[in-house]
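*Asks:* Contents of upload.txt (compact mmCIF, C-alpha atoms) are below:
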```txt
# COMPACT_ATOMS: atom_id res chain seq x y z
CA MET A 7 18.98 -6.00 -7.10
CA THR A 8 18.48 -5.32 -3.39
CA VAL A 9 16.14 -7.89 -1.88
CA LEU A 10 14.28 -7.10 1.33
CA LEU A 11 12.75 -10.52 1.93
CA THR A 12 11.65 -13.72 0.25
CA THR A 13 8.48 -15.69 0.93
CA GLU A 14 7.30 -19.00 -0.47
CA ARG A 15 6.13 -17.37 -3.69
CA LEU A 16 7.33 -13.75 -3.63
CA VAL A 17 10.48 -11.68 -3.63
CA LEU A 18 10.18 -8.14 -2.27
CA ARG A 19 12.96 -5.91 -3.54
CA ARG A 20 13.86 -2.27 -3.90
CA PHE A 21 12.45 -0.33 -6.80
CA THR A 22 14.93 0.97 -9.37
CA PRO A 23 14.66 3.63 -12.11
CA GLN A 24 14.15 0.74 -14.55
CA ASP A 25 10.73 -0.01 -13.01
CA VAL A 26 8.95 2.82 -14.82
CA ASP A 27 7.31 0.48 -17.34
CA HIS A 28 6.17 -1.87 -14.58
CA LEU A 29 4.44 0.93 -12.69
CA VAL A 30 2.89 2.43 -15.81
CA GLU A 31 1.45 -0.94 -16.79
CA LEU A 32 0.13 -1.56 -13.28
CA ASP A 33 -1.57 1.83 -13.06
CA SER A 34 -3.01 1.54 -16.57
CA ASP A 35 -5.44 -1.23 -15.66
CA PRO A 36 -8.88 0.33 -14.94
CA ARG A 37 -9.74 -2.55 -12.61
CA VAL A 38 -6.61 -2.02 -10.55
CA MET A 39 -7.33 1.71 -10.31
CA ARG A 40 -11.08 1.43 -9.75
CA HIS A 41 -10.98 2.18 -6.01
CA LEU A 42 -8.11 4.63 -6.38
CA THR A 43 -8.99 7.01 -9.18
CA GLY A 44 -12.23 5.60 -10.52
CA GLY A 45 -10.25 3.73 -13.17
CA ARG A 46 -8.18 6.58 -14.55
CA ALA A 47 -4.59 5.62 -15.42
CA THR A 48 -1.53 7.36 -13.98
CA PRO A 49 0.25 9.20 -16.84
CA ARG A 50 3.72 7.93 -17.68
CA GLU A 51 5.22 11.38 -17.06
CA GLU A 52 3.81 11.40 -13.55
CA VAL A 53 5.16 7.92 -12.84
CA ALA A 54 8.64 8.73 -14.16
CA ASN A 55 9.04 12.26 -12.80
CA GLU A 56 7.07 12.23 -9.57
CA LEU A 57 5.90 8.84 -8.34
CA LEU A 58 9.03 6.74 -8.84
CA PRO A 59 11.43 9.38 -7.43
CA ARG A 60 9.28 9.52 -4.27
CA LEU A 61 9.38 5.75 -3.93
CA LEU A 62 13.16 5.70 -4.33
CA GLY A 63 13.48 8.47 -1.77
CA HIS A 64 12.00 6.22 0.92
CA TYR A 65 15.11 4.04 0.96
CA GLU A 66 17.34 6.96 1.89
CA ARG A 67 14.81 8.40 4.33
CA TYR A 68 14.52 5.13 6.24
CA ALA A 69 18.05 3.83 5.67
CA ASP A 70 18.46 3.10 9.37
CA ARG A 71 15.37 0.88 9.35
CA PRO A 72 15.54 -1.40 6.29
CA GLY A 73 12.03 -2.62 5.65
CA LEU A 74 10.21 0.68 5.78
CA GLY A 75 9.21 2.03 2.39
CA LEU A 76 7.70 0.63 -0.79
CA TRP A 77 8.82 -2.66 -2.24
CA ALA A 78 8.45 -4.13 -5.69
CA ALA A 79 6.97 -7.63 -5.65
CA GLU A 80 8.10 -10.37 -8.02
CA GLU A 81 6.69 -13.86 -8.38
CA ARG A 82 9.40 -16.48 -7.92
CA ALA A 83 7.75 -19.27 -9.92
CA ALA A 84 7.25 -16.94 -12.88
CA GLY A 85 10.93 -16.13 -13.30
CA GLY A 86 10.79 -12.93 -11.30
CA ARG A 87 7.78 -11.44 -13.06
CA PHE A 88 6.68 -8.10 -11.56
CA VAL A 89 3.29 -8.47 -9.91
CA GLY A 90 2.95 -5.16 -8.06
CA TRP A 91 4.13 -3.56 -4.86
CA PHE A 92 3.76 -3.52 -1.09
CA GLU A 93 3.90 -0.51 1.19
CA PHE A 94 5.17 -0.42 4.76
CA CYS A 95 5.54 3.26 5.57
CA PRO A 96 5.32 5.30 8.79
CA THR A 97 2.27 7.51 9.13
CA ASP A 98 4.48 9.95 11.08
CA PRO A 99 8.06 10.14 9.72
CA GLU A 100 9.16 11.72 13.01
CA ARG A 101 8.09 8.56 14.88
CA PRO A 102 8.72 5.90 12.23
CA THR A 103 8.03 2.83 14.35
CA ALA A 104 5.00 4.10 16.27
CA GLU A 105 2.54 3.35 13.49
CA VAL A 106 3.16 1.95 10.02
CA GLU A 107 0.72 1.80 7.13
CA LEU A 108 0.41 -1.42 5.19
CA GLY A 109 -0.59 -1.23 1.54
CA TYR A 110 -0.48 -3.27 -1.64
CA ARG A 111 -1.23 -2.83 -5.31
CA LEU A 112 -1.12 -5.97 -7.42
CA ARG A 113 -1.74 -6.82 -11.04
CA ARG A 114 -5.04 -8.53 -11.79
CA ALA A 115 -3.21 -11.76 -12.66
CA ALA A 116 -2.12 -11.92 -9.00
CA TRP A 117 -5.60 -11.47 -7.50
CA GLY A 118 -7.37 -14.26 -5.72
CA ARG A 119 -4.21 -16.30 -5.12
CA GLY A 120 -3.29 -15.22 -1.62
CA LEU A 121 -0.24 -13.24 -2.74
CA ALA A 122 -1.40 -10.00 -1.13
CA THR A 123 -1.91 -11.80 2.17
CA GLU A 124 1.45 -13.58 1.89
CA GLY A 125 3.38 -10.38 1.30
CA SER A 126 1.45 -8.50 3.98
CA LEU A 127 2.11 -11.15 6.63
CA ALA A 128 5.83 -11.15 5.81
CA LEU A 129 6.06 -7.37 6.25
CA ILE A 130 4.07 -7.43 9.48
CA ARG A 131 6.36 -10.12 10.92
CA LEU A 132 9.43 -8.12 9.88
CA GLY A 133 7.99 -4.95 11.38
CA PHE A 134 7.11 -6.43 14.74
CA ALA A 135 10.11 -8.73 15.14
CA ASP A 136 12.97 -6.72 13.65
CA LEU A 137 11.98 -3.07 13.27
CA GLY A 138 10.25 -2.42 16.57
CA VAL A 139 6.99 -1.36 14.95
CA ARG A 140 4.23 -1.00 17.54
CA ARG A 141 1.13 -0.72 15.38
CA VAL A 142 0.23 -1.56 11.77
CA ILE A 143 -2.78 0.02 10.09
CA ALA A 144 -4.40 -0.25 6.67
CA ARG A 145 -7.15 1.81 5.07
CA THR A 146 -9.33 1.41 2.02
CA MET A 147 -12.77 2.27 0.68
CA ALA A 148 -15.58 0.62 2.62
CA VAL A 149 -16.82 -0.99 -0.60
CA ASN A 150 -13.43 -2.52 -1.44
CA ALA A 151 -14.29 -6.02 -0.25
CA GLY A 152 -11.14 -7.59 -1.71
CA SER A 153 -8.79 -5.31 0.19
CA ARG A 154 -10.75 -5.74 3.39
CA ARG A 155 -10.45 -9.52 3.13
CA VAL A 156 -6.67 -9.26 2.79
CA MET A 157 -6.49 -7.07 5.89
CA GLU A 158 -8.51 -9.57 7.88
CA LYS A 159 -6.48 -12.54 6.67
CA ALA A 160 -3.31 -10.69 7.65
CA GLY A 161 -4.62 -10.40 11.20
CA LEU A 162 -5.76 -6.79 11.19
CA ARG A 163 -9.07 -5.95 12.83
CA TYR A 164 -11.69 -3.40 11.90
CA VAL A 165 -11.33 -0.14 13.83
CA ARG A 166 -13.61 2.45 12.28
CA THR A 167 -15.41 3.86 9.27
CA PHE A 168 -14.59 7.47 8.47
CA ARG A 169 -15.29 10.06 5.80
CA GLN A 170 -13.28 12.86 4.31
CA GLU A 171 -13.49 15.20 1.36
CA TRP A 172 -11.77 14.19 -1.88
CA PRO A 173 -10.97 16.44 -4.84
CA GLU A 174 -12.42 13.78 -7.14
CA ARG A 175 -15.50 11.70 -6.40
CA ILE A 176 -15.61 8.05 -7.45
CA ALA A 177 -18.31 5.40 -7.25
CA GLY A 178 -18.71 4.00 -3.75
CA ASP A 179 -17.05 6.80 -1.82
CA GLU A 180 -20.39 7.80 -0.36
CA HIS A 181 -19.95 4.78 1.95
CA GLY A 182 -16.72 6.19 3.37
CA ASP A 183 -13.40 4.56 4.14
CA VAL A 184 -12.44 1.94 6.71
CA GLU A 185 -9.42 1.52 8.94
CA TYR A 186 -8.04 -1.78 10.19
CA ALA A 187 -5.20 -2.18 12.68
CA LEU A 188 -2.99 -4.67 14.49
CA GLU A 189 -1.07 -3.95 17.70
CA ARG A 190 2.25 -5.65 18.40
CA ASP A 191 1.17 -6.49 21.95
CA GLY A 192 -2.06 -8.08 20.75
CA ALA A 193 -4.28 -5.50 22.42
CA ALA A 194 -7.55 -4.58 20.77
CA PRO A 195 -6.74 -1.80 18.29
CA ALA A 196 -7.99 1.68 19.06
CA PRO A 197 -8.67 4.30 16.39
CA GLY A 198 -5.48 5.90 15.16
CA PRO A 199 -4.87 9.61 14.77
CA ARG A 200 -7.25 11.29 12.34
CA THR A 201 -4.68 12.64 9.98
CA GLY A 202 -6.77 13.10 6.87
CA ALA A 203 -4.46 10.67 5.11
CA GLY A 204 -5.19 8.92 1.88
CA ARG A 205 -6.84 5.57 1.40
CA GLY A 206 -4.89 2.47 2.16
CA PRO A 207 -4.38 -0.56 -0.06
CA GLY A 208 -4.00 -0.32 -3.73
CA SER A 209 -5.27 -3.12 -5.85
CA GLY A 210 -7.62 -5.91 -6.35
CA PRO A 211 -7.41 -7.08 -2.99
CA GLY A 212 -4.63 -2.53 -1.89
CA SER A 213 -1.41 2.35 -0.94
CA GLY A 214 -1.71 4.50 1.99
CA PRO A 215 -1.09 7.87 3.53
CA GLY A 216 2.41 7.36 4.80
CA SER A 217 3.52 6.34 1.37
CA ASP A 218 2.88 9.26 -0.97
CA PRO A 219 2.05 6.90 -3.87
CA GLY A 220 -1.53 7.43 -2.89
CA ARG A 221 -1.15 11.12 -3.61
CA ALA A 222 -1.07 12.94 -6.88
CA PRO A 223 0.92 16.19 -7.06
CA GLY A 224 -1.24 19.28 -7.35
CA ARG A 225 -4.48 17.45 -6.73
CA GLY A 226 -4.28 16.61 -3.04
CA PRO A 227 -4.82 13.08 -1.79
CA VAL A 228 -5.87 10.36 -4.20
CA ARG A 229 -7.55 7.24 -2.96
CA SER A 230 -5.52 4.10 -2.79
CA GLY A 231 -7.33 0.83 -2.91
CA SER A 232 -8.72 -0.88 -5.96
CA GLY A 233 -9.97 -4.05 -7.48
```
Show how you would write the structure in this file as C-alpha cells.
*Replies:*
Amino acid sequence: MTVLLTTERLVLRRFTPQDVDHLVELDSDPRVMRHLTGGRATPREEVANELLPRLLGHYERYADRPGLGLWAAEERAAGGRFVGWFEFCPTDPERPTAEVELGYRLRRAAWGRGLATEGSLALIRLGFADLGVRRVIARTMAVNAGSRRVMEKAGLRYVRTFRQEWPERIAGDEHGDVEYALERDGAAPAPGPRTGAGRGPGSGPGSGPGSDPGRAPGRGPVRSGSG
C-alpha cells in the first residue's frame, strides 16, 4: 500500500485494482450520487474497465509530483475502512501546478463528521507547501449545501456561479454551479478559466474536471458533487 499522507483520522493512499468493490459500493448509494447523476449508480463494468484505470493512470502521469491525482481515503480508527476518495488534479495537465481542482466523494457514514474538511485541508497544505501549487479550486452544484460548507471550512472562497449544458438534467441544476478558490499568496481569488469542466466535489459534503472521474465515457461530462 502506497500512502500519500496521514491525518488525525484518515489515511490517503493510492488506489489499486483491488478497489473495484469499494468504488462500486460508493457509487451505488443514491444519496451519494444525487448531485452527480441524479442518484443513478455507476455500473460495475464502467468502474472496472474505465473509471479505475483512469484513476490509476494519474499516478504515472504525475509521477514527478506525488500528491496530484485521486486518493483512496481510509478511516484509521475503523481499521482502515474505505470511506471514499479525494481528488487533487490539475485543471490543465500542461501546467500541473498552476491550478488544481479539489474534490471528494465520501460514503454516507462519513458525512457530518468533518472528514471531508480534514482530508481537503491536508491536500491543500501539501499542494501549497510541497508541490508548488498556486491556486486550488472546487466546483459543485449551487444547491449542494454540504459540499459548499466543506469548501468554506477548507478556506476556499466563493468566486462565481456559472451555467453550462449537461447531457442529462437532474434536480437543482437550474440553479447552476458554483466555483470556490484559494490562492497560495492569499490574494482574493479571481474567476478561473471557463473550461466547461465538470462539477467539482463528489459526495455528501464532493469530483472535478481535472480528474476524469466526473466524466462518463460516451456521455460527455457528468456532474460531480452529491449528498
*Asks:* Find the residues around stretch 72-84 of chain A up to 7 Å (all atoms listed in the file counted), leave out those fewer than 6 positions away in its own chain, and share them as a ChimeraX atom specification.
*Replies:* /A:10,15-21,61,64-65,90-95
*Asks:* Find the spatial neighbours of stretch 101-106 of chain A, counting all atoms listed in the file, within a cut-off of 8 Å - ignore same-chain residues fewer than 4 positions away - and output them as a VMD selection string.
*Replies:* chain A and resid 94 to 97 137 to 143 216
*Asks:* Rounded to one decimal place, report the atom CA of A:Glu124-atom CA of A:Ala47 distance in Å.
*Replies:* 26.5 Å
*Asks:* Can you measure atom CA of A:Val9 to atom CA of A:Arg113 for me? One decimal in Å is fine.
*Replies:* 20.1 Å
*Asks:* Hey, can you check how far atom CA of A:Ala128 sits from atom CA of A:Ala160?
*Replies:*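 Those two atoms sit 9.3 Å apart.
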*Asks:* Give as a ChimeraX atom specification each residue that has an atom at most 9 Å from (5.1, 6.4, -17.2) in the file, counting only C-alpha atoms.
*Replies:* /A:26-31,48-55
*Asks:* Between A:Thr12, A:Val149, A:Pro59, A:Lys159, single out the one closest to A:Glu180, counting only C-alpha atoms.
*Replies:*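 Of the candidates, the smallest distance to A:Glu180 is held by A:Val149.
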*Asks:* Could you tell me which of A:Asp191, A:Glu185, A:Glu107, A:Glu66 comes closest to A:Arg166 if we count all atoms listed in the file?
*Replies:*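 So, comparing all the options, the nearest one is A:Glu185.
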*Asks:* Using only C-alpha atoms, find the one residue out of A:Tyr68, A:Trp117, A:Phe134, A:Tyr110 that sits nearest to A:Met157.
*Replies:*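 For A:Met157, the nearest of the candidates is A:Tyr110.
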*Asks:* Enclose stretch 123-134 of chain A, meaning all of its atoms listed in the file, in a box aligned along x, y and z, pad it by 4 Å on each side, and list the centre and edge lengths in Å to one decimal, as AutoDock Vina command-line options.
*Replies:*
```
--center_x 3.8 --center_y -9.3 --center_z 8.0 --size_x 19.3 --size_y 16.6 --size_z 21.4
```
*Asks:* May I ask which of the residues A:Thr123, A:Thr43, A:Thr13, A:Thr146 is the closest one to A:Ala177, counting all atoms listed in the file?
*Replies:*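 Ranked by minimum distance to A:Ala177, first place goes to A:Thr43.
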*Asks:* Please write as a PyMOL selection string the list of polymer residues whose atoms come within 12 Å of (-17.6, 2.2, -4.7), counting all atoms listed in the file and keeping to the coordinates of the file.
*Replies:* chain A and resi 39-45+146-151+175-183+229+231-233
